[in-house]
file start.txt (compact mmCIF, C-alpha atoms and all ligand atoms)
# COMPACT_ATOMS: atom_id res chain seq x y z
CA MET N 1 0.00 0.00 0.00
CA LEU N 2 2.65 2.37 1.17
CA LEU N 3 4.81 1.51 -1.80
CA LYS N 4 1.94 2.09 -4.14
CA LYS N 5 1.24 5.45 -2.55
CA PHE N 6 4.78 6.69 -2.92
CA LYS N 7 5.53 5.00 -6.23
CA LEU N 8 7.96 7.18 -8.20
CA ARG N 9 6.37 8.45 -11.37
CA ILE N 10 8.68 9.53 -14.13
CA VAL N 11 7.23 11.50 -16.99
CA PRO N 12 9.79 11.08 -19.75
CA SER N 13 8.92 14.22 -21.71
CA ARG N 14 9.33 16.42 -18.64
CA PHE N 15 12.37 14.64 -17.24
CA PRO N 16 15.59 16.67 -17.57
CA TRP N 17 18.13 14.91 -19.79
CA CYS N 18 20.95 15.48 -17.30
CA LEU N 19 19.21 13.43 -14.63
CA MET N 20 18.62 10.38 -16.81
CA ALA N 21 20.35 7.16 -15.75
CA ARG N 22 23.66 6.77 -17.56
CA THR N 23 26.92 4.87 -17.38
CA ALA N 24 30.20 6.52 -16.31
CA PHE N 25 31.71 8.71 -19.01
CA LYS N 26 35.47 8.98 -19.48
CA VAL N 27 37.11 11.78 -21.46
CA SER N 28 40.80 11.62 -22.40
CA VAL N 29 42.71 14.69 -23.55
CA VAL N 30 45.91 13.95 -25.48
CA GLY N 31 48.17 16.99 -25.52
CA ALA N 32 46.77 18.10 -22.16
CA GLY N 33 50.00 19.80 -21.06
CA GLY N 34 49.91 22.24 -23.97
CA GLY N 35 48.53 25.68 -24.70
CA ILE N 36 45.02 24.41 -25.51
CA GLY N 37 45.20 21.27 -23.37
CA GLN N 38 45.67 23.01 -20.03
CA PRO N 39 42.82 25.54 -20.19
CA LEU N 40 40.65 22.87 -21.80
CA SER N 41 41.31 20.52 -18.87
CA LEU N 42 40.26 23.32 -16.54
CA LEU N 43 37.05 24.06 -18.46
CA LEU N 44 36.15 20.37 -18.71
CA ARG N 45 36.09 20.15 -14.90
CA LYS N 46 32.85 22.13 -15.02
CA VAL N 47 31.20 20.06 -17.76
CA LYS N 48 28.30 17.95 -16.48
CA GLY N 49 28.46 14.30 -17.39
CA ILE N 50 32.24 13.75 -17.21
CA ASP N 51 33.02 11.19 -14.52
CA GLU N 52 36.65 10.58 -15.38
CA LEU N 53 39.12 12.96 -16.99
CA SER N 54 42.36 11.43 -18.13
CA LEU N 55 45.12 13.85 -19.17
CA HIS N 56 48.00 12.70 -21.35
CA ASP N 57 51.04 14.50 -22.76
CA LEU N 58 54.74 13.94 -23.18
CA ARG N 59 55.23 16.41 -20.33
CA GLY N 60 53.48 18.23 -17.52
CA THR N 61 50.24 16.32 -17.07
CA LYS N 62 50.87 14.98 -13.56
CA GLY N 63 50.85 18.59 -12.36
CA VAL N 64 47.82 19.60 -14.43
CA ALA N 65 45.93 16.56 -13.12
CA ALA N 66 46.85 17.24 -9.48
CA ASP N 67 45.91 20.90 -9.92
CA THR N 68 42.57 20.46 -11.72
CA GLY N 69 41.80 17.44 -9.54
CA HIS N 70 41.53 19.74 -6.51
CA ILE N 71 38.65 21.70 -8.03
CA SER N 72 35.46 21.00 -6.11
CA GLU N 73 33.55 19.50 -9.03
CA HIS N 74 32.29 15.98 -9.77
CA GLY N 75 34.66 13.35 -11.19
CA THR N 76 38.23 12.07 -10.99
CA VAL N 77 41.28 13.40 -12.81
CA SER N 78 44.44 11.44 -13.60
CA GLY N 79 47.65 12.43 -15.34
CA TYR N 80 49.65 10.24 -17.74
CA VAL N 81 53.08 11.13 -19.10
CA GLY N 82 55.08 9.77 -22.03
CA GLU N 83 54.66 7.25 -24.82
CA ASP N 84 54.32 4.30 -22.44
CA GLU N 85 51.36 5.85 -20.66
CA LEU N 86 49.36 6.74 -23.79
CA GLU N 87 47.36 3.51 -24.01
CA PRO N 88 46.62 3.39 -20.25
CA ALA N 89 45.39 6.99 -20.54
CA LEU N 90 43.05 6.05 -23.38
CA LEU N 91 41.83 2.72 -22.04
CA GLY N 92 38.02 2.63 -21.98
CA ALA N 93 37.63 6.30 -22.98
CA ASN N 94 34.24 7.30 -24.35
CA LEU N 95 35.60 10.48 -25.89
CA VAL N 96 39.16 11.40 -26.82
CA VAL N 97 40.08 15.01 -27.55
CA VAL N 98 43.35 15.26 -29.45
CA THR N 99 45.17 18.56 -28.96
CA ALA N 100 48.67 17.08 -29.40
CA GLY N 101 50.82 18.78 -32.01
CA MET N 102 52.71 21.89 -32.98
CA PRO N 103 51.03 25.27 -33.41
CA ARG N 104 51.86 27.75 -36.21
CA VAL N 105 54.32 30.61 -36.04
CA PRO N 106 54.06 33.78 -38.17
CA GLY N 107 54.61 33.12 -41.88
CA MET N 108 53.41 29.50 -41.76
CA THR N 109 50.25 28.01 -43.26
CA ARG N 110 48.31 25.36 -41.37
CA ASP N 111 49.10 22.86 -44.15
CA GLN N 112 52.81 23.24 -43.37
CA LEU N 113 52.15 21.71 -39.93
CA MET N 114 51.41 18.32 -41.49
CA GLN N 115 55.08 17.32 -41.54
CA ALA N 116 55.31 17.79 -37.76
CA ASN N 117 51.79 16.79 -36.74
CA GLY N 118 50.83 14.02 -39.17
CA GLY N 119 53.05 11.46 -37.44
CA ILE N 120 51.84 12.50 -33.98
CA ALA N 121 48.21 12.07 -35.09
CA ILE N 122 48.89 8.63 -36.58
CA HIS N 123 50.62 7.53 -33.39
CA VAL N 124 47.73 8.71 -31.17
CA ILE N 125 45.00 7.30 -33.44
CA ARG N 126 46.72 3.89 -33.61
CA ALA N 127 46.81 3.80 -29.81
CA MET N 128 43.12 4.69 -29.72
CA ALA N 129 42.29 1.93 -32.19
CA CYS N 130 43.67 -0.52 -29.59
CA ALA N 131 42.66 1.09 -26.29
CA CYS N 132 39.24 2.61 -27.04
CA PRO N 133 38.13 1.60 -30.55
CA GLU N 134 34.57 2.78 -29.99
CA ALA N 135 35.36 6.20 -28.56
CA LEU N 136 34.22 9.45 -30.10
CA ILE N 137 37.30 11.23 -31.47
CA ALA N 138 37.50 15.02 -31.60
CA ILE N 139 40.65 16.43 -33.17
CA THR N 140 41.91 20.00 -32.84
CA THR N 141 45.39 19.33 -34.24
CA ASN N 142 46.15 21.21 -37.46
CA PRO N 143 45.94 20.92 -40.37
CA ILE N 144 42.39 19.67 -39.68
CA ASN N 145 41.60 19.33 -43.42
CA ILE N 146 44.47 16.85 -43.84
CA ILE N 147 44.74 15.21 -40.41
CA VAL N 148 41.10 14.08 -40.15
CA PRO N 149 41.27 12.09 -43.44
CA THR N 150 44.62 10.70 -42.24
CA ALA N 151 42.97 9.59 -38.98
CA ALA N 152 40.11 7.98 -40.90
CA GLU N 153 42.59 6.00 -42.98
CA VAL N 154 44.46 4.79 -39.88
CA LEU N 155 41.18 3.70 -38.29
CA LYS N 156 40.16 1.92 -41.52
CA GLU N 157 43.48 0.10 -41.57
CA ALA N 158 42.84 -1.04 -37.99
CA GLY N 159 39.29 -2.11 -38.95
CA VAL N 160 37.59 0.25 -36.51
CA PHE N 161 36.61 3.27 -38.61
CA ASN N 162 33.17 4.61 -37.80
CA PRO N 163 32.46 7.81 -39.77
CA HIS N 164 29.87 8.82 -37.17
CA ARG N 165 32.49 9.07 -34.45
CA LEU N 166 35.33 11.08 -36.00
CA PHE N 167 35.28 14.90 -35.80
CA GLY N 168 37.65 17.70 -36.73
CA ILE N 169 36.81 20.58 -34.41
CA THR N 170 35.90 23.74 -36.34
CA THR N 171 33.82 25.30 -33.54
CA LEU N 172 36.27 28.20 -33.19
CA ASP N 173 35.25 29.44 -36.65
CA VAL N 174 31.65 29.63 -35.44
CA VAL N 175 32.65 31.17 -32.08
CA ARG N 176 34.60 33.90 -33.89
CA SER N 177 31.82 34.51 -36.40
CA ARG N 178 29.30 34.94 -33.59
CA LYS N 179 31.58 37.37 -31.75
CA PHE N 180 32.53 39.50 -34.76
CA ILE N 181 28.94 39.64 -36.07
CA GLY N 182 27.50 40.24 -32.59
CA ASP N 183 29.87 43.14 -32.05
CA PHE N 184 29.12 44.53 -35.52
CA MET N 185 25.35 44.37 -35.01
CA ASN N 186 25.67 45.50 -31.39
CA ILE N 187 23.90 42.39 -30.07
CA ASN N 188 24.90 39.61 -27.68
CA PRO N 189 27.22 37.21 -29.61
CA ARG N 190 25.43 34.31 -27.89
CA LYS N 191 22.27 35.28 -29.77
CA VAL N 192 24.02 34.97 -33.16
CA ASN N 193 23.81 31.71 -35.09
CA ILE N 194 25.68 31.22 -38.34
CA PRO N 195 26.90 28.06 -40.07
CA VAL N 196 30.55 28.01 -41.14
CA ILE N 197 31.21 25.47 -43.86
CA GLY N 198 34.08 24.07 -45.95
CA GLY N 199 37.23 23.34 -43.98
CA HIS N 200 39.59 24.95 -41.50
CA THR N 201 42.14 27.03 -43.43
CA GLY N 202 41.94 30.61 -44.69
CA PRO N 203 40.95 29.57 -48.23
CA THR N 204 38.45 26.89 -47.09
CA ILE N 205 36.59 28.58 -44.19
CA LEU N 206 33.24 29.93 -45.43
CA PRO N 207 30.74 31.63 -43.08
CA LEU N 208 27.24 31.68 -44.59
CA PHE N 209 25.98 35.19 -43.92
CA SER N 210 22.80 34.39 -45.90
CA GLN N 211 21.87 31.95 -43.10
CA CYS N 212 22.77 34.22 -40.18
CA GLN N 213 20.20 34.38 -37.37
CA PRO N 214 19.15 37.05 -36.60
CA GLU N 215 19.35 38.28 -40.19
CA PHE N 216 22.65 40.06 -40.86
CA ARG N 217 22.20 43.82 -40.98
CA GLY N 218 24.98 45.18 -43.12
CA ASP N 219 25.93 45.70 -46.78
CA THR N 220 28.04 43.61 -49.15
CA GLU N 221 31.19 45.42 -48.12
CA ASP N 222 30.54 44.54 -44.46
CA ILE N 223 30.04 40.88 -45.41
CA LEU N 224 33.29 40.82 -47.40
CA ARG N 225 35.24 42.49 -44.59
CA LEU N 226 33.84 40.24 -41.85
CA THR N 227 34.23 37.11 -44.01
CA HIS N 228 37.89 37.99 -44.50
CA ARG N 229 38.36 38.56 -40.76
CA ILE N 230 36.74 35.21 -39.89
CA LYS N 231 38.90 33.36 -42.46
CA GLU N 232 42.09 35.00 -41.21
CA ALA N 233 41.29 35.15 -37.47
CA GLY N 234 43.72 32.33 -36.69
CA THR N 235 46.51 34.26 -38.38
CA GLU N 236 45.46 37.40 -36.49
CA VAL N 237 46.16 35.53 -33.22
CA VAL N 238 49.38 33.94 -34.53
CA MET N 239 50.69 37.40 -35.47
CA ALA N 240 49.60 38.94 -32.16
CA LYS N 241 51.40 36.17 -30.24
CA GLY N 242 54.52 36.88 -32.30
CA GLY N 243 55.96 33.36 -32.41
CA ALA N 244 54.59 32.09 -29.09
CA GLY N 245 51.94 29.90 -30.74
CA SER N 246 48.37 30.24 -31.96
CA ALA N 247 44.92 30.53 -30.41
CA THR N 248 44.80 28.53 -27.18
CA LEU N 249 42.27 30.14 -24.82
CA SER N 250 39.52 30.79 -27.37
CA MET N 251 40.19 27.31 -28.77
CA ALA N 252 39.89 25.74 -25.32
CA TYR N 253 36.55 27.60 -24.95
CA ALA N 254 35.38 26.43 -28.39
CA THR N 255 36.48 22.83 -27.79
CA CYS N 256 34.72 22.79 -24.44
CA CYS N 257 31.49 24.02 -26.10
CA PHE N 258 31.80 21.20 -28.64
CA VAL N 259 32.49 18.57 -25.98
CA LYS N 260 29.44 19.74 -23.99
CA SER N 261 27.27 19.29 -27.08
CA LEU N 262 28.69 15.81 -27.77
CA ILE N 263 27.95 14.75 -24.19
CA ARG N 264 24.45 16.22 -24.15
CA ALA N 265 23.65 14.36 -27.38
CA GLN N 266 25.22 11.21 -25.97
CA ASN N 267 22.90 11.52 -22.99
CA GLY N 268 19.84 11.68 -25.20
CA GLN N 269 19.22 15.39 -25.71
CA GLU N 270 17.70 15.87 -29.15
CA GLY N 271 18.21 18.54 -31.79
CA ILE N 272 21.82 19.47 -31.00
CA ILE N 273 23.53 20.95 -34.02
CA GLU N 274 27.21 21.89 -34.22
CA CYS N 275 29.48 22.65 -37.16
CA ALA N 276 32.33 20.15 -37.49
CA PHE N 277 34.63 18.66 -40.14
CA VAL N 278 33.34 15.11 -40.70
CA ALA N 279 32.92 12.41 -43.33
CA SER N 280 30.05 13.79 -45.35
CA SER N 281 28.21 13.64 -48.66
CA VAL N 282 26.60 17.07 -48.60
CA ALA N 283 29.22 18.59 -50.93
CA ASP N 284 31.58 17.27 -53.58
CA ALA N 285 34.29 16.25 -51.07
CA PRO N 286 34.42 13.16 -48.82
CA PHE N 287 35.03 15.28 -45.71
CA PHE N 288 33.37 18.62 -45.18
CA ALA N 289 32.76 21.10 -42.37
CA GLY N 290 29.17 22.06 -41.86
CA PRO N 291 26.23 21.76 -39.49
CA VAL N 292 25.90 18.27 -38.05
CA GLU N 293 23.06 16.97 -35.90
CA LEU N 294 24.59 15.08 -32.99
CA GLY N 295 23.11 11.95 -31.48
CA LYS N 296 23.98 9.07 -29.18
CA GLN N 297 26.32 7.58 -31.77
CA GLY N 298 28.07 10.86 -32.64
CA VAL N 299 27.04 12.18 -36.04
CA LYS N 300 23.30 11.58 -36.46
CA ARG N 301 23.14 13.34 -39.82
CA CYS N 302 24.94 16.01 -41.78
CA LEU N 303 22.51 18.79 -42.61
CA LYS N 304 21.96 19.48 -46.30
CA LEU N 305 23.45 22.70 -47.59
CA PRO N 306 20.92 25.52 -47.87
CA VAL N 307 20.41 27.49 -51.08
CA LEU N 308 23.46 29.76 -51.23
CA ASN N 309 23.67 33.24 -52.68
CA GLU N 310 25.92 33.93 -55.66
CA PHE N 311 28.95 34.97 -53.57
CA GLU N 312 28.67 31.95 -51.28
CA GLN N 313 28.16 29.51 -54.18
CA LYS N 314 31.22 30.92 -55.99
CA SER N 315 33.27 30.72 -52.78
CA LEU N 316 32.17 27.10 -52.27
CA ASP N 317 33.05 26.23 -55.87
CA ASN N 318 36.50 27.76 -55.32
CA LEU N 319 37.22 26.05 -52.02
CA LEU N 320 36.13 22.51 -52.96
CA PRO N 321 39.14 21.69 -55.20
CA ILE N 322 41.47 22.90 -52.41
CA LEU N 323 39.63 20.78 -49.86
CA ARG N 324 39.68 17.68 -52.09
CA LYS N 325 43.43 18.12 -52.55
CA ASN N 326 43.90 18.40 -48.76
CA ILE N 327 41.86 15.23 -48.24
CA GLU N 328 43.84 13.33 -50.88
CA ALA N 329 47.05 14.49 -49.18
CA GLY N 330 45.75 13.15 -45.86
CA VAL N 331 44.92 9.74 -47.30
CA HIS N 332 48.29 9.62 -49.08
CA PHE N 333 50.11 10.58 -45.88
CA ALA N 334 48.51 7.71 -43.96
CA LYS N 335 49.16 5.20 -46.73
CA THR N 336 52.83 6.11 -47.10
CA PHE N 337 53.67 6.79 -43.45
CA LYS N 338 56.57 4.65 -42.27
CA LYS N 339 57.04 3.59 -38.62
N1 LIG N 401 41.13 23.36 -34.89
C1 LIG N 401 41.34 24.61 -34.47
O1 LIG N 401 40.46 25.47 -34.64
C2 LIG N 401 42.62 24.97 -33.82
C3 LIG N 401 43.66 24.09 -33.82
N2 LIG N 401 44.83 24.39 -33.20
C4 LIG N 401 45.89 23.37 -33.27
O2 LIG N 401 45.92 22.63 -32.05
C5 LIG N 401 47.23 22.06 -31.88
C6 LIG N 401 47.73 22.28 -30.46
O3 LIG N 401 47.94 23.64 -30.22
P1 LIG N 401 48.59 24.17 -28.86
O4 LIG N 401 47.93 23.52 -27.71
O5 LIG N 401 48.61 25.63 -28.93
O6 LIG N 401 50.08 23.60 -28.98
P2 LIG N 401 51.14 23.35 -27.79
O7 LIG N 401 52.46 23.13 -28.43
O8 LIG N 401 51.01 24.41 -26.77
O9 LIG N 401 50.63 21.99 -27.14
C7 LIG N 401 50.68 20.79 -27.83
C8 LIG N 401 50.99 19.71 -26.85
O10 LIG N 401 51.03 18.46 -27.55
C9 LIG N 401 52.00 17.66 -26.90
N3 LIG N 401 52.40 16.53 -27.74
C10 LIG N 401 53.19 16.53 -28.83
N4 LIG N 401 53.35 15.29 -29.28
C11 LIG N 401 52.63 14.48 -28.47
C12 LIG N 401 52.39 13.09 -28.44
N5 LIG N 401 52.94 12.25 -29.31
N6 LIG N 401 51.60 12.60 -27.44
C13 LIG N 401 51.06 13.43 -26.52
N7 LIG N 401 51.25 14.76 -26.52
C14 LIG N 401 52.04 15.28 -27.48
C15 LIG N 401 53.13 18.63 -26.60
O11 LIG N 401 54.00 18.11 -25.59
C16 LIG N 401 52.38 19.87 -26.16
O12 LIG N 401 52.20 19.93 -24.76
C17 LIG N 401 48.10 22.71 -32.96
O13 LIG N 401 48.29 21.80 -34.02
C18 LIG N 401 47.29 23.91 -33.41
O14 LIG N 401 47.58 24.30 -34.72
C19 LIG N 401 45.01 25.56 -32.53
C20 LIG N 401 43.99 26.48 -32.47
C21 LIG N 401 42.72 26.28 -33.15
O1 LIG N 402 45.61 29.62 -36.89
C1 LIG N 402 46.10 28.61 -36.36
O2 LIG N 402 47.17 28.10 -36.68
C2 LIG N 402 45.32 27.96 -35.27
C3 LIG N 402 43.94 27.79 -35.74
O3 LIG N 402 43.60 26.87 -36.44
C4 LIG N 402 43.00 28.87 -35.47
O4 LIG N 402 43.26 29.73 -34.60
O5 LIG N 402 41.96 28.90 -36.12
call {"tool": "encode", "arguments": {"input": "start.txt", "output": "structure tokens", "more": "lines below"}}
Ligand SMILES: NC(=O)C1=CN([C@@H]2O[C@H](COP(=O)(O)OP(=O)(O)OC[C@H]3O[C@@H](n4cnc5c(N)ncnc54)[C@H](O)[C@@H]3O)[C@@H](O)[C@H]2O)C=CC1
Ligand SMILES: O=C([O-])CC(=O)C(=O)O
result
Amino acid sequence: MLLKKFKLRIVPSRFPWCLMARTAFKVSVVGAGGGIGQPLSLLLRKVKGIDELSLHDLRGTKGVAADTGHISEHGTVSGYVGEDELEPALLGANLVVVTAGMPRVPGMTRDQLMQANGGIAIHVIRAMACACPEALIAITTNPINIIVPTAAEVLKEAGVFNPHRLFGITTLDVVRSRKFIGDFMNINPRKVNIPVIGGHTGPTILPLFSQCQPEFRGDTEDILRLTHRIKEAGTEVVMAKGGAGSATLSMAYATCCFVKSLIRAQNGQEGIIECAFVASSVADAPFFAGPVELGKQGVKRCLKLPVLNEFEQKSLDNLLPILRKNIEAGVHFAKTFKK
């Protein structure tokens, strides 16, 4: 009787997603001692739904783990250092964020980082294929346009490629677009929504002003100027840092936003859309950055491209051959990589 009286009634539609029963969620950050990795580790301590944070780098992560592990938030933090501790750091991870690799210095293109970062990415992805083959993989390491196809190839070779689970993080392009447009229109940047498509290099980043919400209030000249700033914002930071690296703090913020969305979708929240560089068939390139609906398995679907205006269509036509070349270079790199 008593039991019947106090029987717990759960109304699914009104039940908050964050309180739903779930299994423990482990996030590994590889490159956690670096410029992005450290502030990202800090920000992740406040993300709901992370039960275990595992921080790996060739240096420094014991300290970062001890430090962030003292923050009075839910979950455990552990630090792993060196090649030998990579697989233990990744073991059983549900999500791996890869921030390992060199940043640009003034005068360099992102593509030029492939020589230094391609091998690092292959090494990390091979370890993941063994230690956590079903994990979601979110890569920040540049050049995104080349490294993500390289990673896909490595995963294919290991027999564990799942196109729904591999992401190149392009959130910073959206974060910057929202900020620059918000400031221009004198509105809160958080209220601005704009898809940024293509890839993640100056020539391949394309913000779609025709799709901006609220509607963009400005003339063609404003669009051209802001488009240029968004495309070259990474270089703006590289120049301002004068040889001390590239965007780290804004990138940690952007990566954290992306991770939050991945985890919310993983926990069953519907309708989450983020731009990311993923395996896609929405444009004439096998990988493409654009709005992606996230779900429990990672990519639920890539949203179809909207009808573009003449400037956007021309820009897309111009960037696609560059992107396809990048992707081919990534596949070639993986296939010819020795070691
Ligand atoms: N996708 C995007 O929008 C952005 C991407 N980036 C890229 O993110 C990457 C990281 O940038 P930062 O954190 O500023 O560089 P950083 O040099 O400050 O940190 C990189 C870290 O990776 C570590 N590392 C190198 N090889 C490793 C390996 N085999 N295993 C584990 N850790 C290893 C280094 O020890 C270092 O601590 C760069 O490639 C940069 O170009 C940066 C900003 C934005
Ligand atoms: O510009 C760079 O080298 C780093 C990066 O990708 C960005 O800030 O967008």
call {"tool": "residues_near_ligand", "arguments": {"input": "start.txt", "ligand": "ligand LIG 402 (chain N)", "cutoff": "6 Å", "atoms": "all atoms listed in the file", "output": "list of chain:residue names"}}
result
N:Pro103, N:Arg104, N:Arg110, N:Gly234, N:Thr235, N:Ser246, N:Ala247
call {"tool": "residues_around", "arguments": {"input": "start.txt", "residues": "N:Val77", "least_positions_apart": "5", "cutoff": "8 Å", "atoms": "all atoms listed in the file", "output": "MDAnalysis selection string"}}
result
chainID N and resid 52:55 65:66 68:69
call {"tool": "residues_around", "arguments": {"input": "start.txt", "residues": "N:Val282", "least_positions_apart": "5", "cutoff": "9 Å", "atoms": "only C-alpha atoms", "output": "PyMOL selection string"}}
result
chain N and resi 288+290+302-305
call {"tool": "axis_aligned_box", "arguments": {"input": "start.txt", "around": "ligand LIG 401 (chain N)", "padding_each_side": "5 Å", "output": "AutoDock Vina command-line options"}}
result
--center_x 47.2 --center_y 19.4 --center_z -29.8 --size_x 23.5 --size_y 24.2 --size_z 20.1
call {"tool": "closest_residue", "arguments": {"input": "start.txt", "among": "N:Ala285, N:Leu136, N:Ile230, N:Ile144", "to": "N:Ala265", "atoms": "all atoms listed in the file"}}
result
N:Leu136
call {"tool": "atom_distance", "arguments": {"input": "start.txt", "atom1": "atom CA of N:Leu58", "atom2": "atom CA of N:Val97"}}
result
15.3 Å
call {"tool": "residues_near_ligand", "arguments": {"input": "start.txt", "ligand": "ligand LIG 401 (chain N)", "cutoff": "6 Å", "atoms": "all atoms listed in the file", "output": "list in words"}}
result
Val30, Gly31, Gly33, Gly34, Gly35, Ile36, Gly37, Asp57, Leu58, Arg59, Thr99, Ala100, Gly101, Met102, Pro103, Arg104, Ile120, Thr140, Thr141, Asn142, Ile169, Thr170, Leu172, Gly245, Ser246, Ala247, Thr248 and Met251 of chain N
call {"tool": "closest_atom_pairs", "arguments": {"input": "start.txt", "of": "stretch 189-241 of chain N", "to": "stretch 173-178 of chain N", "cutoff": "7 Å", "atoms": "all atoms listed in the file", "output": "Markdown table"}}
result
| residue | atom | partner | partner_atom | distance |
| --- | --- | --- | --- | --- |
| N:Pro189 | CA | N:Arg178 | CA | 5.0 |
| N:Arg190 | CA | N:Arg178 | CA | 6.9 |
| N:Val192 | CA | N:Arg178 | CA | 5.3 |
| N:Asn193 | CA | N:Arg178 | CA | 6.5 |
| N:Ile194 | CA | N:Val174 | CA | 6.8 |
| N:Pro195 | CA | N:Val174 | CA | 6.8 |
| N:Val196 | CA | N:Val174 | CA | 6.0 |
| N:Ile230 | CA | N:Ser177 | CA | 6.1 |
call {"tool": "atom_distance", "arguments": {"input": "start.txt", "atom1": "atom CA of N:Ala121", "atom2": "atom CA of N:Pro143"}}
result
10.6 Å
call {"tool": "atom_distance", "arguments": {"input": "start.txt", "atom1": "atom CA of N:Val64", "atom2": "atom CA of N:Ala151"}}
result
27.0 Å
call {"tool": "closest_residue", "arguments": {"input": "start.txt", "among": "N:Glu157, N:Glu73, N:Asp111, N:Glu312", "to": "N:Asn145", "atoms": "all atoms listed in the file"}}
result
N:Asp111
call {"tool": "closest_residue", "arguments": {"input": "start.txt", "among": "N:Pro39, N:Pro88, N:Pro133, N:Pro163", "to": "N:Ala254", "atoms": "only C-alpha atoms"}}
result
N:Pro39
call {"tool": "closest_residue", "arguments": {"input": "start.txt", "among": "N:Leu166, N:Val105, N:Leu91, N:Leu42", "to": "N:Ile137", "atoms": "all atoms listed in the file"}}
result
N:Leu166
call {"tool": "residues_near_point", "arguments": {"input": "start.txt", "point": "(50.4, 37.0, -37.9)", "cutoff": "10 Å", "atoms": "only C-alpha atoms", "output": "list in words"}}
result
Arg104, Val105, Pro106, Gly107, Met108, Glu232, Ala233, Gly234, Thr235, Glu236, Val237, Val238, Met239, Ala240, Lys241, Gly242, Gly243 and Ser246 of chain N
call {"tool": "write_last_selection", "arguments": {"input": "start.txt", "atoms": "C-alpha atoms", "output": "mmCIF file, in the frame of the given file"}}
result
data_model
loop_
_atom_site.group_PDB
_atom_site.id
_atom_site.type_symbol
_atom_site.label_atom_id
_atom_site.label_comp_id
_atom_site.auth_asym_id
_atom_site.auth_seq_id
_atom_site.Cartn_x
_atom_site.Cartn_y
_atom_site.Cartn_z
ATOM 1 C CA ARG N 104 51.860 27.750 -36.210
ATOM 2 C CA VAL N 105 54.320 30.610 -36.040
ATOM 3 C CA PRO N 106 54.060 33.780 -38.170
ATOM 4 C CA GLY N 107 54.610 33.120 -41.880
ATOM 5 C CA MET N 108 53.410 29.500 -41.760
ATOM 6 C CA GLU N 232 42.090 35.000 -41.210
ATOM 7 C CA ALA N 233 41.290 35.150 -37.470
ATOM 8 C CA GLY N 234 43.720 32.330 -36.690
ATOM 9 C CA THR N 235 46.510 34.260 -38.380
ATOM 10 C CA GLU N 236 45.460 37.400 -36.490
ATOM 11 C CA VAL N 237 46.160 35.530 -33.220
ATOM 12 C CA VAL N 238 49.380 33.940 -34.530
ATOM 13 C CA MET N 239 50.690 37.400 -35.470
ATOM 14 C CA ALA N 240 49.600 38.940 -32.160
ATOM 15 C CA LYS N 241 51.400 36.170 -30.240
ATOM 16 C CA GLY N 242 54.520 36.880 -32.300
ATOM 17 C CA GLY N 243 55.960 33.360 -32.410
ATOM 18 C CA SER N 246 48.370 30.240 -31.960
#
call {"tool": "residues_around", "arguments": {"input": "start.txt", "residues": "N:Arg126", "least_positions_apart": "6", "cutoff": "9 Å", "atoms": "only C-alpha atoms", "output": "PyMOL selection string"}}
result
chain N and resi 151+154-155+158
call {"tool": "closest_residue", "arguments": {"input": "start.txt", "among": "N:Ile273, N:Leu86, N:Leu320, N:Leu262", "to": "N:Pro286", "atoms": "all atoms listed in the file"}}
result
N:Leu320
call {"tool": "closest_residue", "arguments": {"input": "start.txt", "among": "N:Asp51, N:Leu40, N:Ser281, N:Thr201", "to": "N:Thr23", "atoms": "only C-alpha atoms"}}
result
N:Asp51
call {"tool": "residues_around", "arguments": {"input": "start.txt", "residues": "N:Val27", "least_positions_apart": "5", "cutoff": "6 Å", "atoms": "only C-alpha atoms", "output": "list in words"}}
result
Leu53, Ala93, Leu95 and Val96 of chain N
call {"tool": "residues_around", "arguments": {"input": "start.txt", "residues": "N:Arg217", "least_positions_apart": "3", "cutoff": "10 Å", "atoms": "all atoms listed in the file", "output": "PDB file with C-alpha atoms, keeping the file's coordinate frame"}}
result
ATOM      1  CA  ILE N 181      28.940  39.640 -36.070  1.00  0.00           C
ATOM      2  CA  PHE N 184      29.120  44.530 -35.520  1.00  0.00           C
ATOM      3  CA  MET N 185      25.350  44.370 -35.010  1.00  0.00           C
ATOM      4  CA  PHE N 209      25.980  35.190 -43.920  1.00  0.00           C
ATOM      5  CA  CYS N 212      22.770  34.220 -40.180  1.00  0.00           C
ATOM      6  CA  PRO N 214      19.150  37.050 -36.600  1.00  0.00           C
ATOM      7  CA  ASP N 222      30.540  44.540 -44.460  1.00  0.00           C
ATOM      8  CA  ILE N 223      30.040  40.880 -45.410  1.00  0.00           C
TER       9      ILE N 223
END
